[in-house]
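upload31.pdb follows; it contains PDB, C-alpha atoms.
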```pdb
ATOM      1  CA  MET A   1     -83.105-179.714  -4.826
ATOM      2  CA  MET A   2     -81.292-176.848  -3.118
ATOM      3  CA  ILE A   3     -82.349-173.291  -3.934
ATOM      4  CA  ILE A   4     -79.613-170.678  -3.733
ATOM      5  CA  ASP A   5     -80.669-167.144  -2.782
ATOM      6  CA  PRO A   6     -77.527-164.984  -2.981
ATOM      7  CA  LYS A   7     -77.452-161.519  -1.445
ATOM      8  CA  PHE A   8     -75.253-160.242  -4.311
ATOM      9  CA  MET A   9     -75.865-161.048  -7.970
ATOM     10  CA  ILE A  10     -73.327-161.937 -10.659
ATOM     11  CA  GLY A  11     -72.275-158.734 -12.437
ATOM     12  CA  GLU A  12     -72.983-156.509  -9.433
ATOM     13  CA  ILE A  13     -70.299-154.011  -8.325
ATOM     14  CA  VAL A  14     -69.369-154.397  -4.658
ATOM     15  CA  TYR A  15     -66.644-153.414  -2.182
ATOM     16  CA  LEU A  16     -64.865-155.328   0.568
ATOM     17  CA  VAL A  17     -65.661-153.876   3.984
ATOM     18  CA  THR A  18     -62.029-154.136   5.139
ATOM     19  CA  ASP A  19     -60.391-152.810   1.959
ATOM     20  CA  GLU A  20     -58.908-149.393   2.770
ATOM     21  CA  GLU A  21     -58.512-148.626  -0.949
ATOM     22  CA  GLN A  22     -62.178-149.510  -1.601
ATOM     23  CA  LEU A  23     -61.420-151.066  -4.980
ATOM     24  CA  LYS A  24     -64.453-151.809  -7.133
ATOM     25  CA  ARG A  25     -64.994-155.534  -7.456
ATOM     26  CA  ILE A  26     -67.458-157.432  -9.603
ATOM     27  CA  VAL A  27     -69.261-160.557  -8.439
ATOM     28  CA  THR A  28     -68.235-163.126 -11.050
ATOM     29  CA  GLY A  29     -69.231-166.396  -9.397
ATOM     30  CA  TYR A  30     -70.392-168.347  -6.376
ATOM     31  CA  LEU A  31     -68.956-171.218  -4.397
ATOM     32  CA  ILE A  32     -71.424-173.190  -2.289
ATOM     33  CA  ARG A  33     -69.940-174.730   0.852
ATOM     34  CA  SER A  34     -71.477-177.225   3.241
ATOM     35  CA  GLY A  35     -74.196-175.749   5.416
ATOM     36  CA  ASN A  36     -75.413-173.658   2.430
ATOM     37  CA  LEU A  37     -72.652-171.091   2.971
ATOM     38  CA  ILE A  38     -72.245-168.949  -0.152
ATOM     39  CA  GLU A  39     -68.798-167.609  -0.971
ATOM     40  CA  TYR A  40     -68.673-164.937  -3.645
ATOM     41  CA  LEU A  41     -65.927-164.776  -6.251
ATOM     42  CA  LEU A  42     -65.044-161.082  -6.528
ATOM     43  CA  SER A  43     -62.882-159.959  -9.435
ATOM     44  CA  HIS A  44     -61.023-156.731 -10.099
ATOM     45  CA  GLY A  45     -58.684-155.994 -12.951
ATOM     46  CA  SER A  46     -57.553-158.681 -15.333
ATOM     47  CA  ASN A  47     -56.018-161.092 -12.836
ATOM     48  CA  GLY A  48     -57.117-160.168  -9.323
ATOM     49  CA  PHE A  49     -59.823-162.027  -7.438
ATOM     50  CA  VAL A  50     -60.841-163.038  -3.929
ATOM     51  CA  TYR A  51     -63.493-165.209  -2.311
ATOM     52  CA  ALA A  52     -65.565-163.540   0.429
ATOM     53  CA  VAL A  53     -68.737-164.223   2.415
ATOM     54  CA  ASP A  54     -71.630-161.756   2.516
ATOM     55  CA  ILE A  55     -70.669-160.066   5.805
ATOM     56  CA  GLU A  56     -67.364-159.009   4.199
ATOM     57  CA  ILE A  57     -69.076-157.338   1.235
ATOM     58  CA  THR A  58     -71.030-154.108   0.811
ATOM     59  CA  LYS A  59     -72.717-152.340  -2.099
ATOM     60  CA  VAL A  60     -71.480-148.920  -0.944
ATOM     61  CA  LYS A  61     -68.004-147.611  -0.167
ATOM     62  CA  MET A  62     -67.167-147.738   3.530
ATOM     63  CA  PHE A  63     -64.448-145.053   3.535
ATOM     64  CA  ILE A  64     -64.209-141.681   1.811
TER      65      ILE A  64
END
```
Please express what this file holds, its structure, as structure tokens.
Amino acid sequence: MMIIDPKFMIGEIVYLVTDEEQLKRIVTGYLIRSGNLIEYLLSHGSNGFVYAVDIEITKVKMFI
């Protein structure tokens, strides 16, 4: 059995490191790839989402 230990939890508010607008995104799911790579499904608004890996995500805004 594989144990998944995500850095970000479902329901947590996060930001994309490279997003100049620093839109709030909510972790709404995970996608497990080969090699135990976790991709996070990040949602914002009613129809916007993106998959990102943990190095692309932060819990704090990067720009002011």
Exercise. What does the distance from atom CA of A:Val27 to atom CA of A:Val50 come to in Å, to one decimal?
Worked result: 9.9 Å
For this session: With the file shown as input, list the residues that the PyMOL selection byres ((chain A and resi 7) around 10) selects, as a PyMOL selection string.
Result: chain A and resi 4-6+8-9+38+40+53-54+57
Exercise. Selected by the PyMOL selection byres ((chain A and resi 23) around 12) in the shown coordinates: which residues, as a VMD selection string?
Worked result: chain A and resid 13 to 22 24 to 26 42 to 45 48 to 49 57 to 64
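Of note, atom CA of A:Glu39 and atom CA of A:Ala52 are spaced 5.4 Å apart.
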Where atoms are absent from stretch 18-29 of chain A, fill them in so it carries all heavy atoms, then output it as an mmCIF file, in the coordinates of the input.
```
data_model
loop_
_atom_site.group_PDB
_atom_site.id
_atom_site.type_symbol
_atom_site.label_atom_id
_atom_site.label_comp_id
_atom_site.auth_asym_id
_atom_site.auth_seq_id
_atom_site.Cartn_x
_atom_site.Cartn_y
_atom_site.Cartn_z
ATOM 1 N N THR A 18 -63.333 -154.382 4.516
ATOM 2 C CA THR A 18 -62.029 -154.136 5.139
ATOM 3 C C THR A 18 -60.984 -153.568 4.189
ATOM 4 O O THR A 18 -59.852 -153.339 4.605
ATOM 5 C CB THR A 18 -61.483 -155.442 5.729
ATOM 6 O OG1 THR A 18 -61.411 -156.426 4.690
ATOM 7 C CG2 THR A 18 -62.370 -155.947 6.855
ATOM 8 N N ASP A 19 -61.344 -153.321 2.944
ATOM 9 C CA ASP A 19 -60.391 -152.810 1.959
ATOM 10 C C ASP A 19 -60.259 -151.298 2.096
ATOM 11 O O ASP A 19 -61.184 -150.555 1.776
ATOM 12 C CB ASP A 19 -60.852 -153.181 0.548
ATOM 13 C CG ASP A 19 -59.908 -152.695 -0.539
ATOM 14 O OD1 ASP A 19 -58.781 -152.270 -0.213
ATOM 15 O OD2 ASP A 19 -60.304 -152.746 -1.712
ATOM 16 N N GLU A 20 -59.118 -150.831 2.581
ATOM 17 C CA GLU A 20 -58.908 -149.393 2.770
ATOM 18 C C GLU A 20 -58.922 -148.629 1.451
ATOM 19 O O GLU A 20 -59.279 -147.466 1.415
ATOM 20 C CB GLU A 20 -57.599 -149.149 3.518
ATOM 21 C CG GLU A 20 -57.652 -149.594 4.960
ATOM 22 C CD GLU A 20 -56.358 -149.312 5.705
ATOM 23 O OE1 GLU A 20 -55.484 -148.595 5.168
ATOM 24 O OE2 GLU A 20 -56.229 -149.798 6.836
ATOM 25 N N GLU A 21 -58.519 -149.283 0.357
ATOM 26 C CA GLU A 21 -58.512 -148.626 -0.949
ATOM 27 C C GLU A 21 -59.893 -148.598 -1.595
ATOM 28 O O GLU A 21 -60.116 -147.857 -2.548
ATOM 29 C CB GLU A 21 -57.530 -149.333 -1.886
ATOM 30 C CG GLU A 21 -56.096 -149.231 -1.440
ATOM 31 C CD GLU A 21 -55.176 -149.930 -2.410
ATOM 32 O OE1 GLU A 21 -55.297 -149.674 -3.623
ATOM 33 O OE2 GLU A 21 -54.355 -150.733 -1.952
ATOM 34 N N GLN A 22 -60.815 -149.419 -1.080
ATOM 35 C CA GLN A 22 -62.178 -149.510 -1.601
ATOM 36 C C GLN A 22 -62.205 -149.723 -3.120
ATOM 37 O O GLN A 22 -62.882 -149.017 -3.866
ATOM 38 C CB GLN A 22 -62.997 -148.279 -1.203
ATOM 39 C CG GLN A 22 -63.269 -148.192 0.285
ATOM 40 C CD GLN A 22 -64.185 -149.319 0.757
ATOM 41 O OE1 GLN A 22 -65.373 -149.234 0.601
ATOM 42 N NE2 GLN A 22 -63.618 -150.374 1.326
ATOM 43 N N LEU A 23 -61.450 -150.719 -3.569
ATOM 44 C CA LEU A 23 -61.420 -151.066 -4.980
ATOM 45 C C LEU A 23 -62.770 -151.634 -5.402
ATOM 46 O O LEU A 23 -63.379 -152.416 -4.668
ATOM 47 C CB LEU A 23 -60.334 -152.115 -5.246
ATOM 48 C CG LEU A 23 -58.898 -151.702 -4.945
ATOM 49 C CD1 LEU A 23 -57.972 -152.900 -5.113
ATOM 50 C CD2 LEU A 23 -58.482 -150.564 -5.859
ATOM 51 N N LYS A 24 -63.225 -151.237 -6.582
ATOM 52 C CA LYS A 24 -64.453 -151.809 -7.133
ATOM 53 C C LYS A 24 -64.185 -153.256 -7.484
ATOM 54 O O LYS A 24 -63.165 -153.580 -8.077
ATOM 55 C CB LYS A 24 -64.872 -151.083 -8.416
ATOM 56 C CG LYS A 24 -65.510 -149.762 -8.202
ATOM 57 C CD LYS A 24 -65.980 -149.229 -9.551
ATOM 58 C CE LYS A 24 -66.521 -147.840 -9.401
ATOM 59 N NZ LYS A 24 -66.953 -147.294 -10.711
ATOM 60 N N ARG A 25 -65.098 -154.125 -7.108
ATOM 61 C CA ARG A 25 -64.994 -155.534 -7.456
ATOM 62 C C ARG A 25 -66.321 -155.968 -8.058
ATOM 63 O O ARG A 25 -67.365 -155.434 -7.719
ATOM 64 C CB ARG A 25 -64.671 -156.371 -6.226
ATOM 65 C CG ARG A 25 -63.329 -155.974 -5.622
ATOM 66 C CD ARG A 25 -63.114 -156.609 -4.273
ATOM 67 N NE ARG A 25 -62.021 -155.969 -3.573
ATOM 68 C CZ ARG A 25 -60.754 -156.345 -3.651
ATOM 69 N NH1 ARG A 25 -60.407 -157.352 -4.405
ATOM 70 N NH2 ARG A 25 -59.828 -155.709 -2.970
ATOM 71 N N ILE A 26 -66.263 -156.928 -8.943
ATOM 72 C CA ILE A 26 -67.458 -157.432 -9.603
ATOM 73 C C ILE A 26 -67.684 -158.870 -9.161
ATOM 74 O O ILE A 26 -66.754 -159.680 -9.156
ATOM 75 C CB ILE A 26 -67.312 -157.368 -11.133
ATOM 76 C CG1 ILE A 26 -67.099 -155.923 -11.573
ATOM 77 C CG2 ILE A 26 -68.549 -157.956 -11.818
ATOM 78 C CD1 ILE A 26 -66.780 -155.769 -13.039
ATOM 79 N N VAL A 27 -68.916 -159.177 -8.777
ATOM 80 C CA VAL A 27 -69.261 -160.557 -8.439
ATOM 81 C C VAL A 27 -69.253 -161.356 -9.741
ATOM 82 O O VAL A 27 -70.010 -161.052 -10.661
ATOM 83 C CB VAL A 27 -70.645 -160.641 -7.763
ATOM 84 C CG1 VAL A 27 -70.994 -162.086 -7.452
ATOM 85 C CG2 VAL A 27 -70.697 -159.788 -6.500
ATOM 86 N N THR A 28 -68.359 -162.342 -9.827
ATOM 87 C CA THR A 28 -68.235 -163.126 -11.050
ATOM 88 C C THR A 28 -68.564 -164.598 -10.851
ATOM 89 O O THR A 28 -68.556 -165.370 -11.814
ATOM 90 C CB THR A 28 -66.824 -163.002 -11.648
ATOM 91 O OG1 THR A 28 -65.867 -163.351 -10.651
ATOM 92 C CG2 THR A 28 -66.563 -161.586 -12.133
ATOM 93 N N GLY A 29 -68.860 -165.002 -9.621
ATOM 94 C CA GLY A 29 -69.231 -166.396 -9.397
ATOM 95 C C GLY A 29 -69.562 -166.676 -7.952
ATOM 96 O O GLY A 29 -69.416 -165.810 -7.080
#
```
